[in-house]
>>> print(open('model-v4.csv').read())   # CSV, C-alpha atoms
chain,number,residue,atom,x,y,z
A,621,MET,CA,69.9,154.6,35.6
A,622,SER,CA,70.7,155.2,39.3
A,623,LEU,CA,68.6,158.4,39.7
A,624,ALA,CA,66.4,160.6,37.6
A,625,ALA,CA,67.2,164.2,37.0
A,626,LEU,CA,65.9,167.1,34.9
A,627,HIS,CA,68.7,169.2,33.5
A,628,THR,CA,68.1,172.3,31.4
A,629,ALA,CA,70.5,174.7,29.7
A,630,ASP,CA,68.0,177.5,30.2
A,631,PRO,CA,67.4,178.4,33.8
A,632,VAL,CA,63.7,178.9,33.1
A,633,VAL,CA,61.7,175.6,33.0
A,634,ASP,CA,58.8,175.9,30.6
A,635,ARG,CA,55.5,174.0,30.7
A,636,ALA,CA,56.6,171.4,28.1
A,637,GLN,CA,59.6,170.5,30.3
A,638,VAL,CA,57.3,170.2,33.4
A,639,HIS,CA,55.0,167.9,31.4
A,640,GLU,CA,58.0,165.9,30.3
A,641,LEU,CA,59.2,165.5,33.9
A,642,GLN,CA,55.7,164.3,35.0
A,643,THR,CA,55.6,161.8,32.2
A,644,ARG,CA,59.1,160.4,32.9
A,645,ILE,CA,58.4,160.0,36.6
A,646,ARG,CA,55.1,158.2,35.9
A,647,GLN,CA,56.9,155.8,33.5
A,648,MET,CA,59.5,155.0,36.1
A,649,GLN,CA,57.3,154.8,39.1
A,650,ALA,CA,55.7,151.4,39.6
A,651,THR,CA,53.9,152.1,42.9
A,652,LYS,CA,52.8,154.9,45.1
A,653,LEU,CA,52.4,154.5,48.8
A,654,GLU,CA,48.8,154.6,49.9
A,655,SER,CA,49.1,155.2,53.6
A,656,ARG,CA,48.0,158.5,55.2
A,657,SER,CA,51.4,158.6,57.0
A,658,LEU,CA,54.9,157.8,55.8
A,659,GLN,CA,57.4,155.7,57.8
A,660,THR,CA,60.3,157.7,59.0
A,661,HIS,CA,63.7,156.7,60.4
A,662,PRO,CA,63.4,155.5,64.0
A,663,ALA,CA,65.9,158.2,65.2
A,664,LEU,CA,63.6,160.9,63.9
A,665,ALA,CA,60.2,159.5,64.9
A,666,PRO,CA,60.3,161.1,68.4
A,667,LEU,CA,60.7,164.5,66.8
A,668,LEU,CA,57.6,164.3,64.6
A,669,PRO,CA,54.0,164.7,65.7
A,670,GLY,CA,52.5,161.2,65.5
A,671,GLY,CA,56.0,159.7,65.1
A,672,ALA,CA,55.8,159.8,61.3
A,673,LEU,CA,55.6,162.1,58.3
A,674,LYS,CA,52.0,163.0,57.6
A,675,ALA,CA,50.8,162.6,54.0
A,676,GLY,CA,49.5,165.9,52.6
A,677,ALA,CA,51.5,168.0,55.0
A,678,ALA,CA,54.6,170.2,55.0
A,679,TYR,CA,57.7,170.3,57.3
A,680,SER,CA,60.5,172.8,57.6
A,681,VAL,CA,64.2,172.0,58.2
A,682,LEU,CA,66.4,174.9,59.1
A,683,GLY,CA,70.1,175.1,58.2
A,684,SER,CA,71.1,171.4,57.7
A,685,THR,CA,71.3,169.5,54.4
A,686,THR,CA,72.2,166.3,56.3
A,687,LEU,CA,69.1,166.6,58.4
A,688,LEU,CA,67.1,167.0,55.1
A,689,MET,CA,68.7,163.7,53.9
A,690,ALA,CA,67.8,162.1,57.2
A,691,MET,CA,64.1,163.1,56.7
A,692,LEU,CA,64.1,161.3,53.3
A,693,ALA,CA,65.9,158.2,54.4
A,694,GLY,CA,63.0,156.5,56.2
A,695,PRO,CA,60.3,156.9,53.5
A,696,SER,CA,62.8,156.1,50.7
A,697,SER,CA,64.0,152.9,52.4
A,698,ALA,CA,60.3,151.9,52.8
A,699,GLY,CA,59.8,152.2,49.1
A,700,ALA,CA,58.6,155.8,48.6
A,701,TRP,CA,59.7,157.7,45.5
A,702,CYS,CA,61.3,161.0,46.6
A,703,GLY,CA,62.4,164.2,44.9
A,704,VAL,CA,64.7,167.1,45.6
A,705,VAL,CA,64.0,170.5,43.9
A,706,GLY,CA,66.3,173.5,43.8
A,707,MET,CA,69.4,171.9,45.4
A,708,PRO,CA,72.2,171.6,42.8
A,709,ASP,CA,74.7,170.7,45.5
A,710,PHE,CA,72.6,167.8,46.9
A,711,GLY,CA,75.1,164.9,47.2
A,712,ALA,CA,73.7,161.7,45.8
A,713,GLU,CA,76.6,159.7,47.1
A,714,ALA,CA,76.1,161.0,50.7
A,715,ALA,CA,72.3,160.4,50.3
A,716,GLY,CA,73.0,156.8,49.4
A,717,ARG,CA,75.1,156.3,52.5
A,718,PHE,CA,72.2,157.7,54.6
A,719,GLY,CA,69.9,155.0,53.2
A,720,ILE,CA,68.1,156.9,50.4
A,721,ASP,CA,67.4,154.6,47.5
A,722,LEU,CA,68.9,156.3,44.5
A,723,GLU,CA,66.8,154.2,42.1
A,724,ARG,CA,63.7,156.1,43.5
A,725,LEU,CA,65.2,159.6,43.8
A,726,VAL,CA,64.4,162.4,41.3
A,727,LEU,CA,66.6,165.5,41.2
A,728,VAL,CA,65.5,168.8,39.7
A,729,PRO,CA,68.6,170.9,40.5
A,730,HIS,CA,67.7,174.0,38.5
A,731,PRO,CA,63.9,174.6,38.4
A,732,GLY,CA,64.4,178.3,37.5
A,733,ASP,CA,61.7,181.0,37.9
A,734,GLN,CA,59.0,178.3,37.6
A,735,TRP,CA,60.1,176.5,40.8
A,736,LEU,CA,56.6,176.5,42.3
A,737,THR,CA,55.1,175.0,39.0
A,738,VAL,CA,57.9,172.4,38.9
A,739,THR,CA,57.4,171.5,42.6
A,740,ALA,CA,53.6,171.1,42.0
A,741,ALA,CA,54.4,168.8,39.1
A,742,VAL,CA,56.7,166.7,41.1
A,743,VAL,CA,54.3,166.5,44.0
A,744,ASP,CA,51.8,165.0,41.6
A,745,VAL,CA,53.8,161.8,41.2
A,746,LEU,CA,56.2,161.5,44.2
A,747,SER,CA,55.5,160.7,47.8
A,748,VAL,CA,58.1,163.0,49.5
A,749,VAL,CA,59.6,166.1,48.0
A,750,VAL,CA,62.4,168.3,49.4
A,751,LEU,CA,62.3,171.9,48.2
A,752,ALA,CA,64.9,174.7,48.5
A,753,PRO,CA,62.8,177.8,47.5
A,754,PRO,CA,65.0,180.4,45.8
A,755,ALA,CA,62.5,183.1,46.7
A,756,ARG,CA,59.7,183.8,49.1
A,757,ALA,CA,56.3,182.4,48.0
A,758,THR,CA,53.2,184.4,48.2
A,759,ASP,CA,50.3,183.4,50.5
A,760,GLY,CA,48.3,182.4,47.4
A,761,ASP,CA,51.1,180.2,46.1
A,762,VAL,CA,51.5,178.5,49.4
A,763,ALA,CA,47.8,177.9,49.7
A,764,ARG,CA,47.7,176.3,46.2
A,765,LEU,CA,50.7,174.1,46.8
A,766,SER,CA,49.2,173.0,50.2
A,767,ALA,CA,46.0,172.1,48.4
A,768,ARG,CA,47.9,170.0,45.9
A,769,LEU,CA,49.8,168.2,48.7
A,770,ARG,CA,46.5,167.3,50.4
A,771,GLN,CA,44.9,166.2,47.1
A,772,ARG,CA,47.9,164.0,46.1
A,773,GLU,CA,48.7,162.9,49.7
A,774,SER,CA,52.3,163.9,49.2
A,775,THR,CA,54.7,165.3,51.8
A,776,LEU,CA,56.8,168.4,51.4
A,777,VAL,CA,60.0,169.1,53.3
A,778,VAL,CA,61.2,172.7,52.9
A,779,ALA,CA,64.8,173.8,53.4
A,780,GLY,CA,64.1,177.0,55.4
A,781,ALA,CA,61.1,178.6,56.9
A,782,TRP,CA,57.7,177.9,55.4
A,783,PRO,CA,54.1,178.7,56.5
A,784,GLN,CA,51.7,176.3,58.1
A,785,VAL,CA,54.1,173.4,58.6
A,786,GLU,CA,53.4,170.4,60.8
A,787,ALA,CA,56.8,170.8,62.5
A,788,THR,CA,60.0,172.8,62.2
A,789,LEU,CA,63.3,171.0,62.8
A,790,ARG,CA,66.8,172.4,63.3
A,791,VAL,CA,70.2,171.4,64.6
A,792,ALA,CA,70.6,173.3,67.8
A,793,ARG,CA,74.0,172.0,68.8
A,794,SER,CA,76.7,170.1,67.0
A,795,GLY,CA,80.1,168.6,67.8
A,796,TRP,CA,82.6,166.3,66.0
A,797,ASP,CA,84.4,163.3,67.4
A,798,GLY,CA,87.7,162.0,66.3
A,799,LEU,CA,90.2,164.7,67.2
A,800,GLY,CA,92.5,164.2,70.1
A,801,SER,CA,95.3,166.4,71.4
A,802,GLY,CA,95.1,168.5,68.2
A,803,ALA,CA,95.4,165.5,65.8
A,804,GLY,CA,93.3,162.8,64.2
A,805,TYR,CA,90.3,162.7,61.8
A,806,LEU,CA,86.8,164.0,62.2
A,807,SER,CA,84.9,160.7,62.3
A,808,ALA,CA,81.4,161.3,63.7
A,809,ARG,CA,79.1,164.3,64.4
A,810,ARG,CA,76.8,164.3,67.4
A,811,VAL,CA,74.0,166.8,67.1
A,812,THR,CA,71.0,168.0,69.2
A,813,VAL,CA,67.9,168.3,67.0
A,814,GLU,CA,65.0,170.4,68.2
A,815,SER,CA,61.5,170.3,66.8
A,816,ALA,CA,58.6,172.7,67.3
A,817,PRO,CA,55.0,171.8,66.3
A,818,ARG,CA,52.7,173.7,64.1
A,819,GLY,CA,52.5,177.4,65.1
A,820,GLY,CA,55.3,177.0,67.6
A,821,SER,CA,52.8,176.2,70.4
A,822,GLY,CA,53.0,173.1,72.6
A,823,PRO,CA,56.1,171.3,73.8
A,824,ARG,CA,59.3,171.3,71.8
A,825,ARG,CA,61.0,168.0,71.2
A,826,ARG,CA,64.7,167.3,71.4
A,827,ALA,CA,66.8,164.3,70.4
A,828,GLU,CA,70.5,163.5,70.3
A,829,LEU,CA,71.6,162.0,67.0
A,830,TRP,CA,74.8,160.9,65.3
A,831,LEU,CA,74.6,162.8,62.0
A,832,PRO,CA,76.6,161.0,60.7
A,833,ALA,CA,78.0,158.2,62.8
A,834,VAL,CA,81.4,156.7,62.3
A,835,ASP,CA,80.0,154.4,59.6
A,836,GLU,CA,78.6,157.4,57.8
A,837,SER,CA,75.0,156.4,58.6
A,838,PHE,CA,72.8,158.3,61.1
A,839,ARG,CA,71.1,157.1,64.2
A,840,ALA,CA,70.1,158.1,67.8
A,841,SER,CA,73.2,158.7,70.0
A,842,GLY,CA,71.3,158.1,73.2
A,843,PRO,CA,67.8,157.8,74.6
A,844,THR,CA,65.5,160.4,72.9
A,845,ARG,CA,63.3,162.4,75.2
A,846,LEU,CA,60.7,165.2,75.2
A,847,GLU,CA,61.9,168.4,76.7
A,848,ALA,CA,60.8,172.0,76.9
A,849,VAL,CA,63.2,174.2,75.0
A,850,GLY,CA,63.3,177.8,73.7
A,851,PRO,CA,61.4,179.0,70.7
A,852,ILE,CA,62.6,178.2,67.2
A,853,GLN,CA,62.9,181.3,65.0
A,854,GLY,CA,60.9,181.3,61.8
A,855,VAL,CA,58.1,179.0,63.0
A,856,GLY,CA,54.7,179.9,61.7
>>> encode(input="model-v4.csv", output="C-alpha cells")
Amino acid sequence: MSLAALHTADPVVDRAQVHELQTRIRQMQATKLESRSLQTHPALAPLLPGGALKAGAAYSVLGSTTLLMAMLAGPSSAGAWCGVVGMPDFGAEAAGRFGIDLERLVLVPHPGDQWLTVTAAVVDVLSVVVLAPPARATDGDVARLSARLRQRESTLVVAGAWPQVEATLRVARSGWDGLGSGAGYLSARRVTVESAPRGGSGPRRRAELWLPAVDESFRASGPTRLEAVGPIQGVG
C-alpha cells in the first residue's frame, strides 16, 4: 500500500472511525521521531525560526498547496510519518515528486463535521499533520488542540490563518519560466516566500525558491536572505 487513507461514505466521521484510524496508523507506524525539532528542507530552513519545524507547535501557510507540500517534504524524507486532513484535492503524485514518502503519508480527505476530533486523533500518532479547516475553530478548540500537540510533540501546519502559530508563510510573488515570444511550455515557477514570526512582531524573512523547478522538485533559486517586509495579513 503506497499511502493510507480514511474514506467514508458518510461525511460525518464517528468515534468508531476515529478509533479505527488511530489503530491502523499505529499498526503501520514502526517509529516516531523523538527530537524536539523536525528537519525541514534546506530551502525552507531560513524562513523558520530556529531553522526547523518545532515539535509541539503550529504553523500557517496562506494560499499555496505547493508550499504546504514543501513543508512536509523535509520531515517526510527524514523518516517522519505525515498526514493531510481535509484536502480531497491533495495530489499524492505531486507530493511524491516533491520528496514526500508516500509509504509514510496518511490522507483523511473528508473528516466531516468532526474534523477537529479527527485531527486530534491523527496528531496522536503522526509527527507532522497538515490541516485544511472547513470552519473557524473556537478559542477553546484551538487551546485543546495546542495542548495535544505539545503533549504528543507533533507539528501542525494549517492551510490558512490560525491563532498562536510559530510562523506564517505565504507566496508573495510568483512567475513562470518557459514561455518565449508567446510560445513554449511553462517549465518552472519562481516564487518569493515571506515568513512572519509569532504575533507578527520581529523581522520578516524572505526567500526566493523554485516551486517547482524544471525537474518538478523544489529548491532555493538563489541566496536566501533576511529582509524587512510588510505585514502579512491574518497573522496572530
>>> closest_residue(input="model-v4.csv", among="A:Val748, A:Leu687, A:Glu723, A:Arg818", to="Leu673 of chain A", atoms="only C-alpha atoms")
A:Val748
>>> atom_distance(input="model-v4.csv", atom1="atom CA of Asp721 of chain A", atom2="atom CA of Arg809 of chain A")
22.7 Å
>>> closest_residue(input="model-v4.csv", among="A:Arg790, A:His730, A:Arg764, A:Arg772", to="Tyr679 of chain A", atoms="only C-alpha atoms")
A:Arg790
>>> closest_residue(input="model-v4.csv", among="A:Ser747, A:Gln734, A:Thr758, A:Ser794", to="Gln771 of chain A", atoms="all atoms listed in the file")
A:Ser747
>>> atom_distance(input="model-v4.csv", atom1="atom CA of Ala779 of chain A", atom2="atom CA of Ser841 of chain A")
24.0 Å
>>> closest_residue(input="model-v4.csv", among="A:Cys702, A:Ala693, A:Leu641, A:Leu667", to="Pro817 of chain A", atoms="all atoms listed in the file")
A:Leu667
